[in-house]
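Dumped protein28.pdb below, it's PDB, C-alpha atoms, pLDDT in the B column:
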MODEL        1
ATOM      1  CA  THR A   1     -49.144  73.560   7.675  1.00 57.00           C
ATOM      2  CA  ILE A   2     -50.269  70.386   9.440  1.00 54.00           C
ATOM      3  CA  GLU A   3     -49.836  68.424   6.196  1.00 49.00           C
ATOM      4  CA  GLU A   4     -46.250  69.628   5.805  1.00 47.00           C
ATOM      5  CA  GLU A   5     -45.442  68.767   9.428  1.00 49.00           C
ATOM      6  CA  LEU A   6     -46.889  65.261   8.988  1.00 46.00           C
ATOM      7  CA  TYR A   7     -44.907  64.770   5.793  1.00 44.00           C
ATOM      8  CA  LEU A   8     -41.700  65.902   7.508  1.00 46.00           C
ATOM      9  CA  HIS A   9     -42.399  63.604  10.452  1.00 44.00           C
ATOM     10  CA  LYS A  10     -42.960  60.615   8.150  1.00 48.00           C
ATOM     11  CA  THR A  11     -39.771  61.434   6.226  1.00 46.00           C
ATOM     12  CA  ILE A  12     -37.699  61.532   9.429  1.00 45.00           C
ATOM     13  CA  ILE A  13     -39.204  58.251  10.661  1.00 43.00           C
ATOM     14  CA  LYS A  14     -38.554  56.609   7.288  1.00 50.00           C
ATOM     15  CA  LYS A  15     -34.904  57.725   7.269  1.00 47.00           C
ATOM     16  CA  LYS A  16     -34.398  56.445  10.808  1.00 43.00           C
ATOM     17  CA  THR A  17     -36.057  53.133   9.900  1.00 44.00           C
ATOM     18  CA  ASN A  18     -33.875  52.753   6.818  1.00 49.00           C
ATOM     19  CA  ALA A  19     -30.761  53.485   8.883  1.00 44.00           C
ATOM     20  CA  ILE A  20     -31.766  50.807  11.380  1.00 39.00           C
ATOM     21  CA  MET A  21     -32.406  48.286   8.608  1.00 50.00           C
ATOM     22  CA  LEU A  22     -29.029  49.018   7.041  1.00 50.00           C
ATOM     23  CA  SER A  23     -27.270  48.661  10.368  1.00 45.00           C
ATOM     24  CA  ASP A  24     -28.656  45.133  10.656  1.00 52.00           C
ATOM     25  CA  TYR A  25     -25.922  44.096   8.220  1.00 56.00           C
ATOM     26  CA  ASN A  26     -22.549  44.374   9.920  1.00 61.00           C
ATOM     27  CA  GLN A  27     -20.493  43.528   6.849  1.00 79.00           C
ATOM     28  CA  LYS A  28     -19.909  46.084   4.089  1.00 93.00           C
ATOM     29  CA  TRP A  29     -21.928  45.058   1.067  1.00 97.00           C
ATOM     30  CA  THR A  30     -20.168  43.859  -2.082  1.00 97.00           C
ATOM     31  CA  LEU A  31     -21.644  44.116  -5.563  1.00 98.00           C
ATOM     32  CA  THR A  32     -20.018  41.786  -8.072  1.00 98.00           C
ATOM     33  CA  TYR A  33     -20.501  42.233 -11.805  1.00 98.00           C
ATOM     34  CA  PHE A  34     -18.513  42.286 -15.022  1.00 96.00           C
ATOM     35  CA  ASP A  35     -16.122  45.126 -15.850  1.00 92.00           C
ATOM     36  CA  LEU A  36     -18.826  47.055 -17.707  1.00 94.00           C
ATOM     37  CA  TYR A  37     -22.111  48.841 -16.961  1.00 97.00           C
ATOM     38  CA  GLY A  38     -24.848  46.441 -18.092  1.00 96.00           C
ATOM     39  CA  ARG A  39     -27.092  44.903 -15.446  1.00 96.00           C
ATOM     40  CA  GLY A  40     -24.894  46.105 -12.625  1.00 97.00           C
ATOM     41  CA  GLU A  41     -25.118  49.841 -13.239  1.00 98.00           C
ATOM     42  CA  ALA A  42     -28.641  50.442 -11.898  1.00 98.00           C
ATOM     43  CA  CYS A  43     -27.598  48.658  -8.710  1.00 98.00           C
ATOM     44  CA  ARG A  44     -24.463  50.800  -8.424  1.00 98.00           C
ATOM     45  CA  MET A  45     -26.497  53.951  -8.956  1.00 98.00           C
ATOM     46  CA  ALA A  46     -29.084  52.940  -6.359  1.00 98.00           C
ATOM     47  CA  LEU A  47     -26.381  52.096  -3.822  1.00 98.00           C
ATOM     48  CA  THR A  48     -24.431  55.295  -4.417  1.00 97.00           C
ATOM     49  CA  HIS A  49     -27.503  57.540  -4.381  1.00 98.00           C
ATOM     50  CA  GLY A  50     -28.662  55.822  -1.190  1.00 97.00           C
ATOM     51  CA  LYS A  51     -25.267  56.602   0.350  1.00 96.00           C
ATOM     52  CA  ILE A  52     -24.524  52.950   1.041  1.00 96.00           C
ATOM     53  CA  ASP A  53     -20.809  52.287   1.304  1.00 94.00           C
ATOM     54  CA  PHE A  54     -20.117  49.187  -0.781  1.00 97.00           C
ATOM     55  CA  VAL A  55     -17.343  47.328  -2.565  1.00 97.00           C
ATOM     56  CA  ASP A  56     -17.655  47.476  -6.358  1.00 97.00           C
ATOM     57  CA  ASN A  57     -16.131  44.145  -7.347  1.00 97.00           C
ATOM     58  CA  ALA A  58     -15.568  43.998 -11.108  1.00 96.00           C
ATOM     59  CA  VAL A  59     -14.664  40.578 -12.522  1.00 96.00           C
ATOM     60  CA  SER A  60     -13.445  39.372 -15.903  1.00 94.00           C
ATOM     61  CA  GLY A  61     -11.455  36.484 -17.294  1.00 94.00           C
ATOM     62  CA  GLU A  62      -9.891  34.393 -14.547  1.00 96.00           C
ATOM     63  CA  SER A  63     -11.470  36.383 -11.710  1.00 96.00           C
ATOM     64  CA  TRP A  64     -14.908  35.689 -13.213  1.00 96.00           C
ATOM     65  CA  LYS A  65     -14.146  31.977 -13.493  1.00 95.00           C
ATOM     66  CA  ALA A  66     -13.064  31.896  -9.865  1.00 96.00           C
ATOM     67  CA  TYR A  67     -16.128  33.801  -8.684  1.00 96.00           C
ATOM     68  CA  LYS A  68     -18.444  31.584 -10.740  1.00 95.00           C
ATOM     69  CA  ALA A  69     -16.911  28.526  -9.092  1.00 94.00           C
ATOM     70  CA  SER A  70     -17.288  30.022  -5.609  1.00 94.00           C
ATOM     71  CA  GLY A  71     -20.926  29.016  -5.273  1.00 92.00           C
ATOM     72  CA  LYS A  72     -21.970  32.604  -4.586  1.00 94.00           C
ATOM     73  CA  CYS A  73     -23.861  33.177  -7.832  1.00 91.00           C
ATOM     74  CA  ALA A  74     -27.071  31.221  -8.360  1.00 88.00           C
ATOM     75  CA  ASN A  75     -27.336  29.739 -11.859  1.00 87.00           C
ATOM     76  CA  GLY A  76     -23.843  31.033 -12.579  1.00 91.00           C
ATOM     77  CA  GLN A  77     -25.093  34.579 -13.118  1.00 94.00           C
ATOM     78  CA  ILE A  78     -24.144  38.045 -11.913  1.00 97.00           C
ATOM     79  CA  PRO A  79     -24.700  40.661 -10.584  1.00 98.00           C
ATOM     80  CA  VAL A  80     -24.600  39.375  -7.026  1.00 98.00           C
ATOM     81  CA  LEU A  81     -24.967  41.527  -3.925  1.00 98.00           C
ATOM     82  CA  GLU A  82     -23.270  40.098  -0.847  1.00 97.00           C
ATOM     83  CA  ILE A  83     -24.821  41.513   2.323  1.00 96.00           C
ATOM     84  CA  GLY A  84     -23.041  39.400   4.918  1.00 90.00           C
ATOM     85  CA  GLU A  85     -23.775  36.292   6.954  1.00 85.00           C
ATOM     86  CA  GLY A  86     -23.544  34.099   3.863  1.00 89.00           C
ATOM     87  CA  GLN A  87     -26.341  35.906   2.019  1.00 94.00           C
ATOM     88  CA  TYR A  88     -25.823  36.363  -1.706  1.00 96.00           C
ATOM     89  CA  LEU A  89     -28.590  38.133  -3.609  1.00 97.00           C
ATOM     90  CA  ASN A  90     -28.955  37.605  -7.351  1.00 96.00           C
ATOM     91  CA  GLN A  91     -31.066  38.908 -10.270  1.00 96.00           C
ATOM     92  CA  SER A  92     -30.561  42.592 -11.066  1.00 97.00           C
ATOM     93  CA  GLU A  93     -34.211  43.664 -10.744  1.00 97.00           C
ATOM     94  CA  ALA A  94     -34.579  41.894  -7.407  1.00 98.00           C
ATOM     95  CA  ILE A  95     -31.308  43.422  -6.188  1.00 98.00           C
ATOM     96  CA  VAL A  96     -32.242  47.002  -7.096  1.00 98.00           C
ATOM     97  CA  ARG A  97     -35.637  46.451  -5.462  1.00 98.00           C
ATOM     98  CA  PHE A  98     -33.914  45.195  -2.297  1.00 98.00           C
ATOM     99  CA  ILE A  99     -31.651  48.253  -2.270  1.00 98.00           C
ATOM    100  CA  GLY A 100     -34.655  50.505  -2.785  1.00 98.00           C
ATOM    101  CA  ARG A 101     -36.423  48.952   0.189  1.00 97.00           C
ATOM    102  CA  LYS A 102     -33.447  49.830   2.356  1.00 96.00           C
ATOM    103  CA  THR A 103     -32.964  53.379   1.054  1.00 97.00           C
ATOM    104  CA  GLY A 104     -36.541  54.485   0.431  1.00 97.00           C
ATOM    105  CA  ALA A 105     -36.284  54.443  -3.375  1.00 98.00           C
ATOM    106  CA  TYR A 106     -38.813  51.591  -3.353  1.00 98.00           C
ATOM    107  CA  PRO A 107     -41.286  52.792  -0.687  1.00 96.00           C
ATOM    108  CA  VAL A 108     -42.808  49.593   0.660  1.00 95.00           C
ATOM    109  CA  ASP A 109     -45.464  51.545   2.547  1.00 95.00           C
ATOM    110  CA  ASP A 110     -46.870  52.839  -0.756  1.00 97.00           C
ATOM    111  CA  ALA A 111     -48.164  49.940  -2.849  1.00 97.00           C
ATOM    112  CA  ILE A 112     -49.116  52.173  -5.781  1.00 97.00           C
ATOM    113  CA  ALA A 113     -45.658  53.754  -5.929  1.00 97.00           C
ATOM    114  CA  CYS A 114     -44.051  50.304  -5.861  1.00 98.00           C
ATOM    115  CA  HIS A 115     -46.336  49.064  -8.625  1.00 98.00           C
ATOM    116  CA  LYS A 116     -45.520  52.123 -10.730  1.00 98.00           C
ATOM    117  CA  ALA A 117     -41.780  51.556 -10.369  1.00 98.00           C
ATOM    118  CA  ASP A 118     -42.133  47.866 -11.231  1.00 98.00           C
ATOM    119  CA  ALA A 119     -44.384  48.576 -14.221  1.00 98.00           C
ATOM    120  CA  ILE A 120     -41.977  51.159 -15.636  1.00 98.00           C
ATOM    121  CA  ILE A 121     -39.048  48.753 -15.334  1.00 98.00           C
ATOM    122  CA  ASN A 122     -41.095  45.957 -16.925  1.00 98.00           C
ATOM    123  CA  THR A 123     -42.152  48.226 -19.793  1.00 98.00           C
ATOM    124  CA  PHE A 124     -38.557  49.301 -20.349  1.00 97.00           C
ATOM    125  CA  SER A 125     -37.476  45.649 -20.416  1.00 96.00           C
ATOM    126  CA  ASP A 126     -40.220  44.847 -22.955  1.00 96.00           C
ATOM    127  CA  TYR A 127     -38.668  47.339 -25.366  1.00 95.00           C
ATOM    128  CA  GLU A 128     -35.186  45.980 -24.744  1.00 93.00           C
ATOM    129  CA  ASN A 129     -36.375  42.452 -25.487  1.00 93.00           C
ATOM    130  CA  LYS A 130     -37.839  43.610 -28.813  1.00 94.00           C
ATOM    131  CA  ALA A 131     -34.637  45.338 -29.928  1.00 95.00           C
ATOM    132  CA  PRO A 132     -33.518  44.807 -33.568  1.00 96.00           C
ATOM    133  CA  LYS A 133     -31.701  41.573 -34.341  1.00 96.00           C
ATOM    134  CA  SER A 134     -29.194  40.478 -36.946  1.00 94.00           C
ATOM    135  CA  ALA A 135     -29.945  37.944 -39.671  1.00 92.00           C
ATOM    136  CA  GLU A 136     -28.527  35.303 -37.313  1.00 93.00           C
ATOM    137  CA  GLY A 137     -31.034  36.262 -34.619  1.00 94.00           C
ATOM    138  CA  ALA A 138     -28.654  37.975 -32.169  1.00 95.00           C
ATOM    139  CA  PRO A 139     -29.473  41.485 -30.911  1.00 96.00           C
ATOM    140  CA  LEU A 140     -27.624  44.128 -32.933  1.00 97.00           C
ATOM    141  CA  MET A 141     -26.428  45.697 -29.677  1.00 96.00           C
ATOM    142  CA  TYR A 142     -24.097  42.719 -29.194  1.00 96.00           C
ATOM    143  CA  LYS A 143     -21.985  44.141 -32.016  1.00 96.00           C
ATOM    144  CA  MET A 144     -20.940  46.891 -29.581  1.00 97.00           C
ATOM    145  CA  PHE A 145     -18.523  44.388 -28.061  1.00 94.00           C
ATOM    146  CA  GLY A 146     -16.866  43.548 -31.378  1.00 93.00           C
ATOM    147  CA  ASN A 147     -13.752  45.167 -32.810  1.00 90.00           C
ATOM    148  CA  ASP A 148     -15.499  46.347 -35.983  1.00 95.00           C
ATOM    149  CA  ALA A 149     -17.508  49.545 -36.060  1.00 97.00           C
ATOM    150  CA  ILE A 150     -21.239  48.914 -36.397  1.00 97.00           C
ATOM    151  CA  SER A 151     -22.529  49.747 -39.877  1.00 97.00           C
ATOM    152  CA  GLU A 152     -24.592  52.884 -40.434  1.00 97.00           C
ATOM    153  CA  GLU A 153     -27.478  50.706 -41.618  1.00 97.00           C
ATOM    154  CA  ASP A 154     -27.538  48.834 -38.309  1.00 98.00           C
ATOM    155  CA  VAL A 155     -27.158  52.068 -36.345  1.00 98.00           C
ATOM    156  CA  GLN A 156     -30.215  53.502 -38.087  1.00 98.00           C
ATOM    157  CA  LEU A 157     -32.272  50.435 -37.122  1.00 97.00           C
ATOM    158  CA  MET A 158     -31.085  50.636 -33.532  1.00 98.00           C
ATOM    159  CA  VAL A 159     -31.788  54.365 -33.217  1.00 98.00           C
ATOM    160  CA  ALA A 160     -35.265  54.077 -34.761  1.00 98.00           C
ATOM    161  CA  ASP A 161     -36.115  51.433 -32.186  1.00 97.00           C
ATOM    162  CA  ARG A 162     -34.573  53.464 -29.372  1.00 98.00           C
ATOM    163  CA  LYS A 163     -36.747  56.469 -30.267  1.00 98.00           C
ATOM    164  CA  LYS A 164     -39.835  54.337 -29.660  1.00 97.00           C
ATOM    165  CA  LEU A 165     -38.520  53.577 -26.179  1.00 97.00           C
ATOM    166  CA  HIS A 166     -37.854  57.291 -25.620  1.00 98.00           C
ATOM    167  CA  ASP A 167     -41.447  58.113 -26.553  1.00 98.00           C
ATOM    168  CA  SER A 168     -42.841  55.426 -24.260  1.00 98.00           C
ATOM    169  CA  MET A 169     -40.747  56.536 -21.294  1.00 98.00           C
ATOM    170  CA  THR A 170     -41.706  60.174 -21.919  1.00 98.00           C
ATOM    171  CA  LYS A 171     -45.395  59.283 -21.637  1.00 98.00           C
ATOM    172  CA  LEU A 172     -44.766  57.391 -18.414  1.00 98.00           C
ATOM    173  CA  LEU A 173     -42.766  60.282 -16.970  1.00 98.00           C
ATOM    174  CA  GLY A 174     -45.486  62.798 -17.780  1.00 97.00           C
ATOM    175  CA  ALA A 175     -45.057  66.114 -16.002  1.00 97.00           C
ATOM    176  CA  SER A 176     -43.150  64.613 -13.072  1.00 97.00           C
ATOM    177  CA  LYS A 177     -39.570  65.551 -12.291  1.00 97.00           C
ATOM    178  CA  PHE A 178     -38.648  61.902 -11.753  1.00 98.00           C
ATOM    179  CA  PHE A 179     -40.387  58.609 -12.462  1.00 98.00           C
ATOM    180  CA  GLY A 180     -40.636  58.391  -8.687  1.00 97.00           C
ATOM    181  CA  GLY A 181     -42.312  61.803  -8.474  1.00 97.00           C
ATOM    182  CA  GLU A 182     -40.386  64.430  -6.523  1.00 96.00           C
ATOM    183  CA  VAL A 183     -37.527  62.032  -5.753  1.00 97.00           C
ATOM    184  CA  PRO A 184     -35.920  59.226  -7.791  1.00 98.00           C
ATOM    185  CA  SER A 185     -37.292  55.700  -7.487  1.00 98.00           C
ATOM    186  CA  ILE A 186     -35.653  52.464  -8.563  1.00 98.00           C
ATOM    187  CA  ALA A 187     -37.297  53.016 -11.957  1.00 98.00           C
ATOM    188  CA  ASP A 188     -35.226  56.180 -12.367  1.00 98.00           C
ATOM    189  CA  PHE A 189     -32.022  54.283 -11.622  1.00 98.00           C
ATOM    190  CA  TRP A 190     -33.006  51.469 -13.986  1.00 98.00           C
ATOM    191  CA  ILE A 191     -33.630  53.781 -16.938  1.00 98.00           C
ATOM    192  CA  CYS A 192     -30.780  56.107 -16.055  1.00 98.00           C
ATOM    193  CA  ALA A 193     -28.348  53.193 -16.119  1.00 98.00           C
ATOM    194  CA  SER A 194     -29.296  52.546 -19.745  1.00 98.00           C
ATOM    195  CA  ILE A 195     -29.317  56.194 -20.818  1.00 98.00           C
ATOM    196  CA  TYR A 196     -25.882  56.774 -19.321  1.00 98.00           C
ATOM    197  CA  SER A 197     -24.589  53.586 -20.941  1.00 98.00           C
ATOM    198  CA  TRP A 198     -25.730  54.704 -24.397  1.00 98.00           C
ATOM    199  CA  GLU A 199     -26.913  58.276 -24.993  1.00 98.00           C
ATOM    200  CA  ARG A 200     -24.886  59.873 -22.206  1.00 98.00           C
ATOM    201  CA  ASN A 201     -21.917  57.500 -22.158  1.00 98.00           C
ATOM    202  CA  THR A 202     -18.755  59.622 -22.234  1.00 96.00           C
ATOM    203  CA  LYS A 203     -16.427  56.727 -21.414  1.00 95.00           C
ATOM    204  CA  GLY A 204     -17.491  54.263 -24.079  1.00 95.00           C
ATOM    205  CA  LYS A 205     -15.724  52.283 -26.766  1.00 95.00           C
ATOM    206  CA  GLU A 206     -13.894  54.551 -29.201  1.00 96.00           C
ATOM    207  CA  SER A 207     -14.620  52.390 -32.241  1.00 96.00           C
ATOM    208  CA  GLN A 208     -18.359  52.756 -31.580  1.00 97.00           C
ATOM    209  CA  ALA A 209     -18.309  56.527 -30.986  1.00 97.00           C
ATOM    210  CA  HIS A 210     -20.697  57.025 -33.913  1.00 98.00           C
ATOM    211  CA  VAL A 211     -23.274  54.820 -32.162  1.00 98.00           C
ATOM    212  CA  TYR A 212     -23.199  56.827 -28.925  1.00 98.00           C
ATOM    213  CA  ALA A 213     -23.413  60.040 -30.973  1.00 98.00           C
ATOM    214  CA  ALA A 214     -26.459  58.815 -32.887  1.00 98.00           C
ATOM    215  CA  TYR A 215     -28.190  57.772 -29.681  1.00 98.00           C
ATOM    216  CA  LYS A 216     -27.353  61.111 -28.065  1.00 98.00           C
ATOM    217  CA  LYS A 217     -28.781  63.014 -31.022  1.00 98.00           C
ATOM    218  CA  ALA A 218     -32.015  61.035 -30.740  1.00 98.00           C
ATOM    219  CA  LEU A 219     -32.288  61.822 -27.025  1.00 98.00           C
ATOM    220  CA  ASP A 220     -31.504  65.507 -27.597  1.00 98.00           C
ATOM    221  CA  GLU A 221     -34.571  65.651 -29.844  1.00 98.00           C
ATOM    222  CA  ASN A 222     -36.708  64.643 -26.851  1.00 98.00           C
ATOM    223  CA  ALA A 223     -36.735  67.703 -24.587  1.00 98.00           C
ATOM    224  CA  THR A 224     -38.685  66.057 -21.758  1.00 98.00           C
ATOM    225  CA  LEU A 225     -36.517  62.972 -21.421  1.00 98.00           C
ATOM    226  CA  SER A 226     -33.354  65.038 -21.897  1.00 98.00           C
ATOM    227  CA  ALA A 227     -34.374  67.288 -19.000  1.00 98.00           C
ATOM    228  CA  TRP A 228     -35.006  64.224 -16.840  1.00 98.00           C
ATOM    229  CA  ALA A 229     -31.581  62.827 -17.802  1.00 98.00           C
ATOM    230  CA  ASP A 230     -30.025  66.149 -16.786  1.00 98.00           C
ATOM    231  CA  CYS A 231     -31.724  65.926 -13.372  1.00 98.00           C
ATOM    232  CA  MET A 232     -30.499  62.383 -12.881  1.00 98.00           C
ATOM    233  CA  GLY A 233     -27.031  63.479 -13.935  1.00 98.00           C
ATOM    234  CA  GLU A 234     -27.035  65.981 -11.089  1.00 98.00           C
ATOM    235  CA  GLU A 235     -28.369  63.415  -8.619  1.00 98.00           C
ATOM    236  CA  LEU A 236     -25.584  61.007  -9.579  1.00 98.00           C
ATOM    237  CA  LYS A 237     -22.884  63.527 -10.417  1.00 97.00           C
ATOM    238  CA  ASP A 238     -20.121  62.017  -8.277  1.00 95.00           C
ATOM    239  CA  HIS A 239     -20.848  58.465  -9.402  1.00 97.00           C
ATOM    240  CA  LEU A 240     -20.839  59.393 -13.090  1.00 97.00           C
ATOM    241  CA  GLN A 241     -17.584  61.343 -12.776  1.00 96.00           C
ATOM    242  CA  ASN A 242     -15.747  58.605 -10.924  1.00 95.00           C
ATOM    243  CA  ARG A 243     -17.094  55.423 -12.505  1.00 96.00           C
ATOM    244  CA  ARG A 244     -14.970  53.205 -14.696  1.00 94.00           C
ATOM    245  CA  ALA A 245     -15.164  53.188 -18.493  1.00 95.00           C
ATOM    246  CA  GLY A 246     -17.671  50.824 -20.065  1.00 95.00           C
ATOM    247  CA  THR A 247     -18.822  49.846 -23.543  1.00 95.00           C
ATOM    248  CA  ILE A 248     -22.481  49.674 -22.467  1.00 95.00           C
TER     249      ILE A 248
ENDMDL
END
Render the structure in this file as structure tokens.
Amino acid sequence: TIEEELYLHKTIIKKKTNAIMLSDYNQKWTLTYFDLYGRGEACRMALTHGKIDFVDNAVSGESWKAYKASGKCANGQIPVLEIGEGQYLNQSEAIVRFIGRKTGAYPVDDAIACHKADAIINTFSDYENKAPKSAEGAPLMYKMFGNDAISEEDVQLMVADRKKLHDSMTKLLGASKFFGGEVPSIADFWICASIYSWERNTKGKESQAHVYAAYKKALDENATLSAWADCMGEELKDHLQNRRAGTI
């Protein structure tokens, strides 16, 4: 049909435009973040899915101190995406949005689609910011980095809160295959990074195995979001198989 031909034409033009934009940067991009998933994982997923060849620079200890002193990270924070010519991009949401502009996962010619992706990420972040806290006021999730296994009481609080997030994301997904519609958007990568750091994390911290299992059980009870996670797992199959281990 004429509509299908127009759609195909627009898709080809968009891919060519994205290729031109990517070729504007002569230096291979470098993403620097800690040796874990966290705020860097959505960026890694977006880069990998967009078939952008990049250096995954993981820092910790002395290498983090050296990088922090390099002047490349504004406000002393990472992740940072180096794109050449002395340009260092910071803030994880802004970085994944930048990547999406270059790959088509954040379609700048569709204002509604961009707003939807931003709103989903913002909503997800709202739930994260309201996550259960300890008596001292620190998020319970921080205990994942400790040597002691998180108590069952704390796990129950965390899972109950996580189920609320699952329900919210399920409503936003609706009947769509992806949050981006027929193809993943940056919102898909943002949420997928969290799901595959918790519910679908197969390379996590052994002492917290019961936490991952409880989160996975909660997700398994949500057929819609589980099916979406399966689709994203296929989209990012190579990345998930080859990525490093990470607590969260």
If we count all atoms listed in the file and set the cut-off at 9 Å, which residues sit around Gly84 in chain A, ignoring sequence neighbours fewer than 2 positions away in its own chain? Please answer as a PyMOL selection string. chain A and resi 25-30+82+86-88
Spatial neighbours of range 228-233 of chain A, max dist 8 Å, all atoms listed in the file, sep filter under 4 positions, as a PyMOL selection string: chain A and resi 177-178+188+192+195+224+237+240
Neighbouring residues of Ser63 in chain A were defined as those with any atom within 12 Å, considering only C-alpha atoms; residues of the same chain fewer than 5 positions away were excluded. Please report them as a compact mmCIF listing (two decimals) with C-alpha atoms, in the frame of the given file.
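Writing the result to selection_18.txt gives the following:
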# COMPACT_ATOMS: atom_id res chain seq x y z
CA THR A 32 -20.02 41.79 -8.07
CA TYR A 33 -20.50 42.23 -11.80
CA PHE A 34 -18.51 42.29 -15.02
CA ASP A 35 -16.12 45.13 -15.85
CA ASN A 57 -16.13 44.14 -7.35
CA ALA A 58 -15.57 44.00 -11.11
CA LYS A 68 -18.44 31.58 -10.74
CA ALA A 69 -16.91 28.53 -9.09
CA SER A 70 -17.29 30.02 -5.61
Closest to Tyr215 in chain A among A:Gln156, A:Gln241, A:Ser151, A:Gln91, using all atoms listed in the file?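 For Tyr215 in chain A, the nearest of the candidates is A:Gln156.
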Return as number ranges by chain the set of residues that the PyMOL selection byres ((chain A and resi 96) around 9) yields on the displayed structure. A: 42-44, 46-47, 91-95, 97-101, 106, 186, 189-190
Could the residues in this selection be saved with C-alpha atoms as a PDB file, keeping the file's coordinate frame?
ATOM      1  CA  ALA A  42     -28.641  50.442 -11.898  1.00 98.00           C
ATOM      2  CA  CYS A  43     -27.598  48.658  -8.710  1.00 98.00           C
ATOM      3  CA  ARG A  44     -24.463  50.800  -8.424  1.00 98.00           C
ATOM      4  CA  ALA A  46     -29.084  52.940  -6.359  1.00 98.00           C
ATOM      5  CA  LEU A  47     -26.381  52.096  -3.822  1.00 98.00           C
ATOM      6  CA  GLN A  91     -31.066  38.908 -10.270  1.00 96.00           C
ATOM      7  CA  SER A  92     -30.561  42.592 -11.066  1.00 97.00           C
ATOM      8  CA  GLU A  93     -34.211  43.664 -10.744  1.00 97.00           C
ATOM      9  CA  ALA A  94     -34.579  41.894  -7.407  1.00 98.00           C
ATOM     10  CA  ILE A  95     -31.308  43.422  -6.188  1.00 98.00           C
ATOM     11  CA  ARG A  97     -35.637  46.451  -5.462  1.00 98.00           C
ATOM     12  CA  PHE A  98     -33.914  45.195  -2.297  1.00 98.00           C
ATOM     13  CA  ILE A  99     -31.651  48.253  -2.270  1.00 98.00           C
ATOM     14  CA  GLY A 100     -34.655  50.505  -2.785  1.00 98.00           C
ATOM     15  CA  ARG A 101     -36.423  48.952   0.189  1.00 97.00           C
ATOM     16  CA  TYR A 106     -38.813  51.591  -3.353  1.00 98.00           C
ATOM     17  CA  ILE A 186     -35.653  52.464  -8.563  1.00 98.00           C
ATOM     18  CA  PHE A 189     -32.022  54.283 -11.622  1.00 98.00           C
ATOM     19  CA  TRP A 190     -33.006  51.469 -13.986  1.00 98.00           C
TER      20      TRP A 190
END
Shortest contact to Val211 in chain A, candidates A:Ile191, A:Val108, A:Met141, A:Leu165, atoms counted all atoms listed in the file, goes to A:Met141
Counting all atoms listed in the file, the residue of A:Val183, A:Ala175, A:Ile248, A:Ala218 that sits nearest Arg162 in chain A: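 Among the listed residues, A:Ala218 lies closest to Arg162 in chain A.
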Once the PyMOL selection byres ((chain A and resi 244) around 9) has been applied to the shown file, what residues remain in the selection, as a list of chain:residue names? A:Asp35, A:Leu36, A:Tyr37, A:Lys203, A:Leu240, A:Gln241, A:Asn242, A:Arg243, A:Ala245, A:Gly246
Nearest to Asp220 in chain A, restricted to all atoms listed in the file and choosing among A:Lys130, A:His239, A:Lys51, A:Lys163, comes out as A:Lys163
Mind telling me what the PyMOL selection byres ((chain A and resi 208) around 9) catches here, as a list of chain:residue names? A:Met144, A:Asn147, A:Asp148, A:Ala149, A:Ile150, A:Gly204, A:Lys205, A:Glu206, A:Ser207, A:Ala209, A:His210, A:Val211, A:Tyr212, A:Ala213, A:Thr247
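A straight line drawn from CA of Asn222 in chain A to CA of Ala119 in chain A is 21.8 Å long.
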Render range 64-75 of chain A from the structure in the preceding block as a file of N, CA and C atoms, as a PDB file, in the first residue's frame.
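So part-v5.pdb came out as:
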ATOM      1  N   TRP A  64      38.794   4.973  39.644  1.00  0.00           N
ATOM      2  CA  TRP A  64      37.720   5.951  39.805  1.00  0.00           C
ATOM      3  C   TRP A  64      38.281   7.279  40.330  1.00  0.00           C
ATOM      4  N   LYS A  65      39.196   7.209  41.262  1.00  0.00           N
ATOM      5  CA  LYS A  65      39.806   8.428  41.791  1.00  0.00           C
ATOM      6  C   LYS A  65      40.521   9.195  40.680  1.00  0.00           C
ATOM      7  N   ALA A  66      41.236   8.456  39.845  1.00  0.00           N
ATOM      8  CA  ALA A  66      41.965   9.093  38.751  1.00  0.00           C
ATOM      9  C   ALA A  66      41.008   9.706  37.744  1.00  0.00           C
ATOM     10  N   TYR A  67      39.932   8.998  37.433  1.00  0.00           N
ATOM     11  CA  TYR A  67      38.972   9.524  36.454  1.00  0.00           C
ATOM     12  C   TYR A  67      38.257  10.751  37.021  1.00  0.00           C
ATOM     13  N   LYS A  68      37.928  10.701  38.307  1.00  0.00           N
ATOM     14  CA  LYS A  68      37.241  11.824  38.947  1.00  0.00           C
ATOM     15  C   LYS A  68      38.107  13.071  38.922  1.00  0.00           C
ATOM     16  N   ALA A  69      39.412  12.871  39.028  1.00  0.00           N
ATOM     17  CA  ALA A  69      40.352  13.999  39.037  1.00  0.00           C
ATOM     18  C   ALA A  69      40.695  14.481  37.633  1.00  0.00           C
ATOM     19  N   SER A  70      40.212  13.779  36.618  1.00  0.00           N
ATOM     20  CA  SER A  70      40.573  14.110  35.235  1.00  0.00           C
ATOM     21  C   SER A  70      39.855  15.336  34.688  1.00  0.00           C
ATOM     22  N   GLY A  71      38.786  15.745  35.371  1.00  0.00           N
ATOM     23  CA  GLY A  71      38.017  16.886  34.895  1.00  0.00           C
ATOM     24  C   GLY A  71      36.977  16.518  33.848  1.00  0.00           C
ATOM     25  N   LYS A  72      36.830  15.222  33.591  1.00  0.00           N
ATOM     26  CA  LYS A  72      35.877  14.782  32.564  1.00  0.00           C
ATOM     27  C   LYS A  72      34.454  14.627  33.091  1.00  0.00           C
ATOM     28  N   CYS A  73      34.308  14.487  34.404  1.00  0.00           N
ATOM     29  CA  CYS A  73      32.958  14.262  34.941  1.00  0.00           C
ATOM     30  C   CYS A  73      32.474  15.475  35.723  1.00  0.00           C
ATOM     31  N   ALA A  74      31.457  16.127  35.186  1.00  0.00           N
ATOM     32  CA  ALA A  74      30.869  17.301  35.843  1.00  0.00           C
ATOM     33  C   ALA A  74      30.306  16.907  37.201  1.00  0.00           C
ATOM     34  N   ASN A  75      30.573  17.740  38.200  1.00  0.00           N
ATOM     35  CA  ASN A  75      30.093  17.503  39.566  1.00  0.00           C
ATOM     36  C   ASN A  75      30.627  16.204  40.172  1.00  0.00           C
TER      37      ASN A  75
END
